[in-house]
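Participant: This structure is in structure tokens; I'll ask about it shortly.
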Amino acid sequence: MAIPNRRGQSAGPVSESVRGDDYTPFTQTSFLNPYGLTLRQTITSSGSVTIPAGITWVYVVMTGGGGGTNFGYGSRGAEVSWGWTVPQSTCIIGAGATSGAGGYTRYGHIIAVGGAGTSPAPTNYYGIPGGGTFADSATPRNGAIGSNAASGDGATSGSERDGSNGGNGISGGAGSSGNKTTGTVLGGNGGSGLVGGGGGNTRNSTTTGTRTGGNGGNGLGIDGTIYTGGTGSSRTNAAAAGGGGAGIAGNGSNATTNAGGNGGLGGGGAGASDGGTASTGGAGILYIFY
């Protein structure tokens with residue numbers, strides 16, 4: 001039987017499994033940069049996977065597809081999962097959604113679900129609690145921190161306030177919509193993490209004042225690169241949109257007038273539009289090390 005803390009080699013007797021030339025201690029294994037392993041494959045679409053003969057375990061990092069939205073809130077960033085698995089000949093890569101939850105990514109027994117809009121933030125693949133649910137409120141209330149962070153609370157009907165920010169976490173939560181009849185109003189920013197959430201929009205497009213959509217949250221690549229969320233648009237006497245959240249492998253795009261920005265590659269959440277073209281979450285990604 002293969003031992004998953006070895007660098008992809010078949011296990012011999014127990015006495016041989018601690019040799020310094022092929023042993024990878026768990027204490028030195030980072031999911032961003034697994035100790036002693038090399039990134040061999042980066043996969044962005046579903047299909048076949050070829051692993052060399054003799055490799056009996058591989059280490060993977062993956063994200064699902066980012067959520068999509070076309071009004072109000074941005075979308076949460078996709079889930080990030082990692083770990084050892086037996087090599088498989090196929091993989092599923094989650095697509096970013098234009099409306100609703102993004103698709104899931106799977107390789108072997110490791111799964112990362114897609115991000116969603118205003119649905120409750122779930123516990124992640126490893127049982128780490130999410131940021132919980134959201135609720136409309138008259139005062140701004142930012143999303144809670146969690147593995148899949150919660151979205152900021154939305155404005156109750158008739159309330160006059162800026163949008164709330166998404167929570168920070170492994171995957172950032174979405175910003176909510178700002179809602180005022182006069183004066184400057186801001187959409188909530190998406191939360192940051194390994195994957196960023198999308199920014200919220202602003203409503204009441206026929207009333208006076210400056211409207212600025214929320215910015216998308218930032219992401220962090222496996223090599224330590226910081227990816228940035230897109231900026232929200234700014235408009236006078238018209239609704240504005242939110243910027244897209246960054247993924248684990250790419251920046252989110254900026255909002256344009258009332259069209260939200262798209263999520264970055266690697267599961268970034270989409271920014272919220274308001275009457276413009278609906279935005280799309282970033283596609284999932286799979287990294288394979290051995």
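A note on labels: chains of the structure tokens are A, B, ... as shown, every chain counts residues from 1, and ligands are counted from 1 in their shown order.
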Identify, on the basis of only C-alpha atoms, every residue whose closest approach to region 111-114 of chain A does not exceed 7 Å; exclude the query and any residue fewer than 5 positions from it along the same chain; express the result as a list of chain:residue names.
Facilitator: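 Listed by chain and then number, they are A:Met62, A:Thr63, A:Gly64, A:Gly65, A:Gly66, A:Gly67, A:Ala78, A:Glu79, A:Val80, A:Ser81, A:Gly94, A:Ala101, A:Gly102, A:Gly103, A:Tyr104, A:Thr105, A:Arg106, A:Tyr125.
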Participant: Run DSSP on the backbone and tell me which residues of region 115-202 of chain A come out as strand (DSSP E); list them as number ranges by chain.
Facilitator: A: 146-148, 169-171, 185-186
Participant: Just write the chosen residues, C-alpha atoms, as a short mmCIF file (atom, residue, chain, number, x, y, z; two decimals), in the first residue's frame.
Facilitator:
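This is the output file part33.cif:
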```cif
data_model
loop_
_atom_site.label_atom_id
_atom_site.label_comp_id
_atom_site.auth_asym_id
_atom_site.auth_seq_id
_atom_site.Cartn_x
_atom_site.Cartn_y
_atom_site.Cartn_z
CA GLY A 146 -15.15 31.46 7.95
CA SER A 147 -13.69 28.85 5.65
CA ASN A 148 -16.33 29.97 3.16
CA GLY A 169 -11.75 33.61 5.02
CA ILE A 170 -10.24 30.84 2.99
CA SER A 171 -12.79 31.98 0.40
CA VAL A 185 -23.89 55.57 -1.72
CA LEU A 186 -21.40 52.71 -1.77
#
```
Participant: For the atom pair CA of Ala97 (chain A) and CA of Gly68 (chain A), what is the interatomic distance in Å to one decimal place?
Facilitator: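 Here the two named atoms are 4.6 Å from each other.
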Participant: Looking at A:Ile288, A:Ile51, A:Ser89, A:Gly74, which one is nearest to Leu39 (chain A), with distances taken over only C-alpha atoms?
Facilitator: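 Of the candidates, the smallest distance to Leu39 (chain A) is held by A:Ile288.
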Participant: Under the rule that only C-alpha atoms are counted, which of A:Ala116, A:Gly47, A:Pro122, A:Gly83 is the nearest residue to Ser99 (chain A)?
Facilitator: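 Among the listed residues, the smallest separation from Ser99 (chain A) belongs to A:Ala116.
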Participant: Kindly indicate which residue among A:Pro52, A:Pro120, A:Gly213, A:Gly199 lies nearest to Gln88 (chain A), using only C-alpha atoms for the distances.
Facilitator: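 Of A:Pro52, A:Pro120, A:Gly213, A:Gly199, the one nearest Gln88 (chain A), counting only C-alpha atoms, is A:Pro52.
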Participant: Neighbouring residues of Gly175 (chain A) were defined as those with any atom within 12 Å, considering only C-alpha atoms; residues of the same chain fewer than 5 positions away were excluded. Please report them as a PDB file with N, CA and C atoms, in the first residue's frame.
Facilitator:
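That gives us selection_13.pdb:
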```pdb
ATOM      1  N   THR A  69     -23.852  36.410 -10.493  1.00  0.00           N
ATOM      2  CA  THR A  69     -25.013  37.156 -10.031  1.00  0.00           C
ATOM      3  C   THR A  69     -25.325  38.265 -11.024  1.00  0.00           C
ATOM      4  N   PHE A  71     -27.709  40.922  -9.932  1.00  0.00           N
ATOM      5  CA  PHE A  71     -28.348  42.039  -9.241  1.00  0.00           C
ATOM      6  C   PHE A  71     -28.023  41.983  -7.755  1.00  0.00           C
ATOM      7  N   GLY A  72     -27.833  43.134  -7.128  1.00  0.00           N
ATOM      8  CA  GLY A  72     -27.724  43.219  -5.673  1.00  0.00           C
ATOM      9  C   GLY A  72     -26.379  42.836  -5.133  1.00  0.00           C
ATOM     10  N   TYR A  73     -26.313  41.641  -4.587  1.00  0.00           N
ATOM     11  CA  TYR A  73     -25.076  41.132  -4.011  1.00  0.00           C
ATOM     12  C   TYR A  73     -24.090  40.726  -5.105  1.00  0.00           C
ATOM     13  N   GLY A  74     -22.801  40.711  -4.716  1.00  0.00           N
ATOM     14  CA  GLY A  74     -21.834  39.977  -5.497  1.00  0.00           C
ATOM     15  C   GLY A  74     -22.007  38.493  -5.191  1.00  0.00           C
ATOM     16  N   SER A  75     -21.038  37.689  -5.605  1.00  0.00           N
ATOM     17  CA  SER A  75     -21.057  36.266  -5.298  1.00  0.00           C
ATOM     18  C   SER A  75     -19.828  35.883  -4.491  1.00  0.00           C
ATOM     19  N   ARG A  76     -19.985  34.864  -3.657  1.00  0.00           N
ATOM     20  CA  ARG A  76     -18.857  34.366  -2.872  1.00  0.00           C
ATOM     21  C   ARG A  76     -17.814  33.720  -3.772  1.00  0.00           C
ATOM     22  N   GLY A  77     -16.573  33.751  -3.294  1.00  0.00           N
ATOM     23  CA  GLY A  77     -15.530  33.011  -3.984  1.00  0.00           C
ATOM     24  C   GLY A  77     -15.739  31.512  -3.799  1.00  0.00           C
ATOM     25  N   GLY A 117     -24.192  32.986  -4.458  1.00  0.00           N
ATOM     26  CA  GLY A 117     -24.528  34.370  -4.149  1.00  0.00           C
ATOM     27  C   GLY A 117     -24.882  34.555  -2.692  1.00  0.00           C
ATOM     28  N   THR A 118     -26.154  34.670  -2.404  1.00  0.00           N
ATOM     29  CA  THR A 118     -26.584  34.990  -1.048  1.00  0.00           C
ATOM     30  C   THR A 118     -26.983  33.781  -0.227  1.00  0.00           C
ATOM     31  N   PHE A 134     -26.795  35.009   6.001  1.00  0.00           N
ATOM     32  CA  PHE A 134     -26.925  36.457   5.987  1.00  0.00           C
ATOM     33  C   PHE A 134     -28.370  36.788   6.313  1.00  0.00           C
ATOM     34  N   PRO A 140     -25.578  48.506   8.485  1.00  0.00           N
ATOM     35  CA  PRO A 140     -24.586  47.649   7.839  1.00  0.00           C
ATOM     36  C   PRO A 140     -24.048  46.586   8.802  1.00  0.00           C
ATOM     37  N   ARG A 141     -23.935  45.380   8.328  1.00  0.00           N
ATOM     38  CA  ARG A 141     -23.362  44.301   9.123  1.00  0.00           C
ATOM     39  C   ARG A 141     -22.561  43.416   8.189  1.00  0.00           C
ATOM     40  N   ASN A 142     -21.250  43.402   8.399  1.00  0.00           N
ATOM     41  CA  ASN A 142     -20.361  42.683   7.504  1.00  0.00           C
ATOM     42  C   ASN A 142     -20.476  41.173   7.700  1.00  0.00           C
ATOM     43  N   GLY A 143     -20.116  40.438   6.651  1.00  0.00           N
ATOM     44  CA  GLY A 143     -20.163  38.990   6.717  1.00  0.00           C
ATOM     45  C   GLY A 143     -19.160  38.435   7.703  1.00  0.00           C
ATOM     46  N   ALA A 144     -19.505  37.313   8.319  1.00  0.00           N
ATOM     47  CA  ALA A 144     -18.638  36.682   9.300  1.00  0.00           C
ATOM     48  C   ALA A 144     -17.475  35.960   8.631  1.00  0.00           C
ATOM     49  N   ALA A 149     -16.485  32.324   3.691  1.00  0.00           N
ATOM     50  CA  ALA A 149     -16.978  33.457   4.465  1.00  0.00           C
ATOM     51  C   ALA A 149     -18.368  33.890   4.005  1.00  0.00           C
ATOM     52  N   ALA A 150     -19.088  34.497   4.937  1.00  0.00           N
ATOM     53  CA  ALA A 150     -20.463  34.905   4.661  1.00  0.00           C
ATOM     54  C   ALA A 150     -20.507  36.212   3.876  1.00  0.00           C
ATOM     55  N   SER A 151     -21.608  36.401   3.164  1.00  0.00           N
ATOM     56  CA  SER A 151     -21.859  37.673   2.489  1.00  0.00           C
ATOM     57  C   SER A 151     -22.254  38.728   3.510  1.00  0.00           C
ATOM     58  N   GLY A 152     -22.017  39.995   3.162  1.00  0.00           N
ATOM     59  CA  GLY A 152     -22.509  41.072   4.002  1.00  0.00           C
ATOM     60  C   GLY A 152     -24.025  41.118   3.982  1.00  0.00           C
ATOM     61  N   ASP A 153     -24.619  41.588   5.070  1.00  0.00           N
ATOM     62  CA  ASP A 153     -26.078  41.645   5.143  1.00  0.00           C
ATOM     63  C   ASP A 153     -26.633  42.682   4.175  1.00  0.00           C
ATOM     64  N   GLY A 154     -27.762  42.356   3.575  1.00  0.00           N
ATOM     65  CA  GLY A 154     -28.416  43.270   2.660  1.00  0.00           C
ATOM     66  C   GLY A 154     -29.237  44.317   3.386  1.00  0.00           C
ATOM     67  N   ALA A 155     -29.553  45.393   2.696  1.00  0.00           N
ATOM     68  CA  ALA A 155     -30.357  46.469   3.274  1.00  0.00           C
ATOM     69  C   ALA A 155     -31.832  46.076   3.289  1.00  0.00           C
ATOM     70  N   ASP A 162     -25.185  52.332   3.103  1.00  0.00           N
ATOM     71  CA  ASP A 162     -24.246  51.710   2.184  1.00  0.00           C
ATOM     72  C   ASP A 162     -24.332  50.191   2.299  1.00  0.00           C
ATOM     73  N   GLY A 163     -23.768  49.510   1.321  1.00  0.00           N
ATOM     74  CA  GLY A 163     -23.725  48.058   1.371  1.00  0.00           C
ATOM     75  C   GLY A 163     -22.757  47.563   2.434  1.00  0.00           C
ATOM     76  N   SER A 164     -22.918  46.308   2.831  1.00  0.00           N
ATOM     77  CA  SER A 164     -22.047  45.669   3.814  1.00  0.00           C
ATOM     78  C   SER A 164     -20.975  44.846   3.095  1.00  0.00           C
ATOM     79  N   ASN A 165     -19.828  44.704   3.746  1.00  0.00           N
ATOM     80  CA  ASN A 165     -18.713  43.972   3.155  1.00  0.00           C
ATOM     81  C   ASN A 165     -18.843  42.469   3.398  1.00  0.00           C
ATOM     82  N   GLY A 166     -18.332  41.682   2.463  1.00  0.00           N
ATOM     83  CA  GLY A 166     -18.249  40.249   2.671  1.00  0.00           C
ATOM     84  C   GLY A 166     -17.160  39.914   3.666  1.00  0.00           C
ATOM     85  N   GLY A 167     -17.291  38.780   4.350  1.00  0.00           N
ATOM     86  CA  GLY A 167     -16.293  38.359   5.320  1.00  0.00           C
ATOM     87  C   GLY A 167     -15.033  37.834   4.657  1.00  0.00           C
ATOM     88  N   ASN A 168     -13.925  37.878   5.396  1.00  0.00           N
ATOM     89  CA  ASN A 168     -12.673  37.287   4.944  1.00  0.00           C
ATOM     90  C   ASN A 168     -12.617  35.823   5.377  1.00  0.00           C
ATOM     91  N   LEU A 186     -22.447  53.664  -1.427  1.00  0.00           N
ATOM     92  CA  LEU A 186     -21.401  52.705  -1.771  1.00  0.00           C
ATOM     93  C   LEU A 186     -21.934  51.278  -1.690  1.00  0.00           C
ATOM     94  N   GLY A 187     -21.502  50.447  -2.623  1.00  0.00           N
ATOM     95  CA  GLY A 187     -21.743  49.020  -2.505  1.00  0.00           C
ATOM     96  C   GLY A 187     -20.718  48.397  -1.584  1.00  0.00           C
ATOM     97  N   GLY A 188     -21.042  47.254  -0.997  1.00  0.00           N
ATOM     98  CA  GLY A 188     -20.112  46.575  -0.106  1.00  0.00           C
ATOM     99  C   GLY A 188     -18.991  45.887  -0.877  1.00  0.00           C
ATOM    100  N   ASN A 189     -17.808  45.856  -0.276  1.00  0.00           N
ATOM    101  CA  ASN A 189     -16.659  45.190  -0.888  1.00  0.00           C
ATOM    102  C   ASN A 189     -16.721  43.681  -0.661  1.00  0.00           C
ATOM    103  N   GLY A 190     -16.195  42.925  -1.601  1.00  0.00           N
ATOM    104  CA  GLY A 190     -16.065  41.492  -1.411  1.00  0.00           C
ATOM    105  C   GLY A 190     -14.963  41.171  -0.427  1.00  0.00           C
ATOM    106  N   GLY A 191     -15.110  40.071   0.306  1.00  0.00           N
ATOM    107  CA  GLY A 191     -14.091  39.645   1.248  1.00  0.00           C
ATOM    108  C   GLY A 191     -12.897  39.021   0.547  1.00  0.00           C
ATOM    109  N   SER A 192     -11.770  39.006   1.237  1.00  0.00           N
ATOM    110  CA  SER A 192     -10.525  38.470   0.680  1.00  0.00           C
ATOM    111  C   SER A 192     -10.167  37.137   1.318  1.00  0.00           C
ATOM    112  N   GLY A 196     -11.210  35.581  -3.642  1.00  0.00           N
ATOM    113  CA  GLY A 196     -11.978  36.753  -3.246  1.00  0.00           C
ATOM    114  C   GLY A 196     -13.428  36.701  -3.685  1.00  0.00           C
ATOM    115  N   GLY A 197     -14.284  37.364  -2.911  1.00  0.00           N
ATOM    116  CA  GLY A 197     -15.690  37.492  -3.263  1.00  0.00           C
ATOM    117  C   GLY A 197     -15.946  38.732  -4.101  1.00  0.00           C
ATOM    118  N   GLY A 198     -17.083  38.766  -4.792  1.00  0.00           N
ATOM    119  CA  GLY A 198     -17.431  39.891  -5.647  1.00  0.00           C
ATOM    120  C   GLY A 198     -18.033  41.048  -4.869  1.00  0.00           C
ATOM    121  N   GLY A 199     -17.878  42.243  -5.406  1.00  0.00           N
ATOM    122  CA  GLY A 199     -18.427  43.445  -4.785  1.00  0.00           C
ATOM    123  C   GLY A 199     -19.912  43.625  -5.089  1.00  0.00           C
ATOM    124  N   GLY A 200     -20.611  44.326  -4.193  1.00  0.00           N
ATOM    125  CA  GLY A 200     -22.030  44.590  -4.382  1.00  0.00           C
ATOM    126  C   GLY A 200     -22.276  45.830  -5.224  1.00  0.00           C
ATOM    127  N   ASN A 201     -23.495  45.957  -5.730  1.00  0.00           N
ATOM    128  CA  ASN A 201     -23.828  47.111  -6.558  1.00  0.00           C
ATOM    129  C   ASN A 201     -24.497  48.205  -5.723  1.00  0.00           C
ATOM    130  N   THR A 202     -25.008  49.218  -6.391  1.00  0.00           N
ATOM    131  CA  THR A 202     -25.830  50.243  -5.747  1.00  0.00           C
ATOM    132  C   THR A 202     -27.131  50.374  -6.514  1.00  0.00           C
ATOM    133  N   GLY A 213     -19.935  51.203  -6.879  1.00  0.00           N
ATOM    134  CA  GLY A 213     -20.030  49.790  -6.535  1.00  0.00           C
ATOM    135  C   GLY A 213     -18.851  49.326  -5.691  1.00  0.00           C
ATOM    136  N   GLY A 214     -19.042  48.230  -4.982  1.00  0.00           N
ATOM    137  CA  GLY A 214     -17.982  47.686  -4.141  1.00  0.00           C
ATOM    138  C   GLY A 214     -16.878  47.035  -4.950  1.00  0.00           C
ATOM    139  N   ASN A 215     -15.696  47.000  -4.383  1.00  0.00           N
ATOM    140  CA  ASN A 215     -14.560  46.336  -5.013  1.00  0.00           C
ATOM    141  C   ASN A 215     -14.597  44.836  -4.728  1.00  0.00           C
ATOM    142  N   GLY A 216     -14.039  44.050  -5.636  1.00  0.00           N
ATOM    143  CA  GLY A 216     -13.891  42.620  -5.391  1.00  0.00           C
ATOM    144  C   GLY A 216     -12.766  42.352  -4.409  1.00  0.00           C
ATOM    145  N   GLY A 217     -12.868  41.231  -3.687  1.00  0.00           N
ATOM    146  CA  GLY A 217     -11.835  40.860  -2.728  1.00  0.00           C
ATOM    147  C   GLY A 217     -10.593  40.308  -3.416  1.00  0.00           C
ATOM    148  N   GLY A 232     -15.169  48.609  -8.375  1.00  0.00           N
ATOM    149  CA  GLY A 232     -16.540  48.921  -8.726  1.00  0.00           C
ATOM    150  C   GLY A 232     -16.608  50.164  -9.593  1.00  0.00           C
ATOM    151  N   ALA A 241     -22.060  49.172 -10.475  1.00  0.00           N
ATOM    152  CA  ALA A 241     -21.878  47.737 -10.319  1.00  0.00           C
ATOM    153  C   ALA A 241     -20.622  47.431  -9.527  1.00  0.00           C
ATOM    154  N   GLY A 242     -20.537  46.180  -9.043  1.00  0.00           N
ATOM    155  CA  GLY A 242     -19.401  45.758  -8.244  1.00  0.00           C
ATOM    156  C   GLY A 242     -18.312  45.088  -9.057  1.00  0.00           C
ATOM    157  N   GLY A 243     -17.083  45.171  -8.558  1.00  0.00           N
ATOM    158  CA  GLY A 243     -15.957  44.521  -9.211  1.00  0.00           C
ATOM    159  C   GLY A 243     -15.910  43.035  -8.919  1.00  0.00           C
ATOM    160  N   GLY A 244     -15.286  42.272  -9.800  1.00  0.00           N
ATOM    161  CA  GLY A 244     -15.158  40.838  -9.618  1.00  0.00           C
ATOM    162  C   GLY A 244     -14.084  40.482  -8.608  1.00  0.00           C
ATOM    163  N   GLY A 245     -14.300  39.402  -7.872  1.00  0.00           N
ATOM    164  CA  GLY A 245     -13.308  38.933  -6.916  1.00  0.00           C
ATOM    165  C   GLY A 245     -12.154  38.227  -7.600  1.00  0.00           C
ATOM    166  N   GLY A 269     -15.335  35.248  -7.168  1.00  0.00           N
ATOM    167  CA  GLY A 269     -16.760  35.532  -7.243  1.00  0.00           C
ATOM    168  C   GLY A 269     -17.056  36.711  -8.147  1.00  0.00           C
ATOM    169  N   ALA A 270     -18.181  36.668  -8.838  1.00  0.00           N
ATOM    170  CA  ALA A 270     -18.563  37.745  -9.751  1.00  0.00           C
ATOM    171  C   ALA A 270     -19.083  38.948  -8.982  1.00  0.00           C
ATOM    172  N   GLY A 271     -18.838  40.144  -9.541  1.00  0.00           N
ATOM    173  CA  GLY A 271     -19.414  41.362  -8.993  1.00  0.00           C
ATOM    174  C   GLY A 271     -20.847  41.538  -9.455  1.00  0.00           C
ATOM    175  N   ALA A 272     -21.630  42.269  -8.679  1.00  0.00           N
ATOM    176  CA  ALA A 272     -23.054  42.428  -8.976  1.00  0.00           C
ATOM    177  C   ALA A 272     -23.294  43.492 -10.036  1.00  0.00           C
TER     178      ALA A 272
END
```
Participant: Pick the closest to Gly224 (chain A) from A:Ser273, A:Cys91, A:Thr156, A:Leu194: which is it, counting only C-alpha atoms?
Facilitator: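 Of A:Ser273, A:Cys91, A:Thr156, A:Leu194, the one nearest Gly224 (chain A) is A:Leu194, counting only C-alpha atoms.
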Participant: Sorted by chain and rising residue number, list the residues of region 210-237 of chain A at most 6 Å from region 251-256 of chain A (counting only C-alpha atoms), each with its closest atom pair and distance in Å to one decimal, as a Markdown table.
Facilitator:
```
| residue | atom | partner | partner_atom | distance |
| --- | --- | --- | --- | --- |
| A:Tyr227 | CA | A:Asn251 | CA | 5.0 |
| A:Thr228 | CA | A:Asn251 | CA | 5.0 |
| A:Gly229 | CA | A:Gly252 | CA | 4.5 |
| A:Gly230 | CA | A:Asn254 | CA | 4.1 |
| A:Thr231 | CA | A:Asn254 | CA | 4.8 |
| A:Gly232 | CA | A:Ala255 | CA | 5.1 |
| A:Ser233 | CA | A:Ala255 | CA | 5.2 |
```
Participant: What is the distance between CA of Thr208 (chain A) and CA of Ser279 (chain A), in Å to one decimal?
Facilitator: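 These two atoms are separated by 25.6 Å.
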Participant: I'd like the interatomic distance between CA of Ser157 (chain A) and CA of Ser137 (chain A), to a tenth of an Å.
Facilitator: 9.0 Å
Participant: For a quick check of understanding, using only C-alpha atoms, which of A:Arg235, A:Tyr287, A:Gly263, A:Gly275 has the smallest distance to Ile110 (chain A)?
Facilitator: A:Tyr287
Participant: So that I can see what lies close to Thr210 (chain A), please list as a list in words the residues with an atom at most 8 Å from it, counting only C-alpha atoms and leaving out residues fewer than 6 positions away in the same chain.
Facilitator: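 Returned residues: Gly183, Thr184, Val185, Ser234, Arg235, Thr236, Asn237 and Ala238 of chain A.
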Participant: When you look at Leu220 (chain A) with a cut-off of 8 Å (counting only C-alpha atoms), what residues show up, excluding the ones that are within fewer than 5 positions of it in the same chain? I need them as a short mmCIF file (atom, residue, chain, number, x, y, z; two decimals) with C-alpha atoms, in the first residue's frame.
Facilitator:
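Writing the result to part-v7.cif gives the following:
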```cif
data_model
loop_
_atom_site.label_atom_id
_atom_site.label_comp_id
_atom_site.auth_asym_id
_atom_site.auth_seq_id
_atom_site.Cartn_x
_atom_site.Cartn_y
_atom_site.Cartn_z
CA GLY A 193 -8.78 35.14 1.16
CA LEU A 194 -7.15 32.58 -1.07
CA VAL A 195 -10.12 33.41 -3.30
CA THR A 225 1.33 36.03 -5.73
CA ILE A 226 -1.37 38.42 -4.53
CA TYR A 227 -4.18 38.75 -7.05
CA GLY A 247 -9.23 33.90 -7.90
CA ILE A 248 -6.31 31.81 -6.73
CA ALA A 249 -4.76 32.28 -10.19
#
```
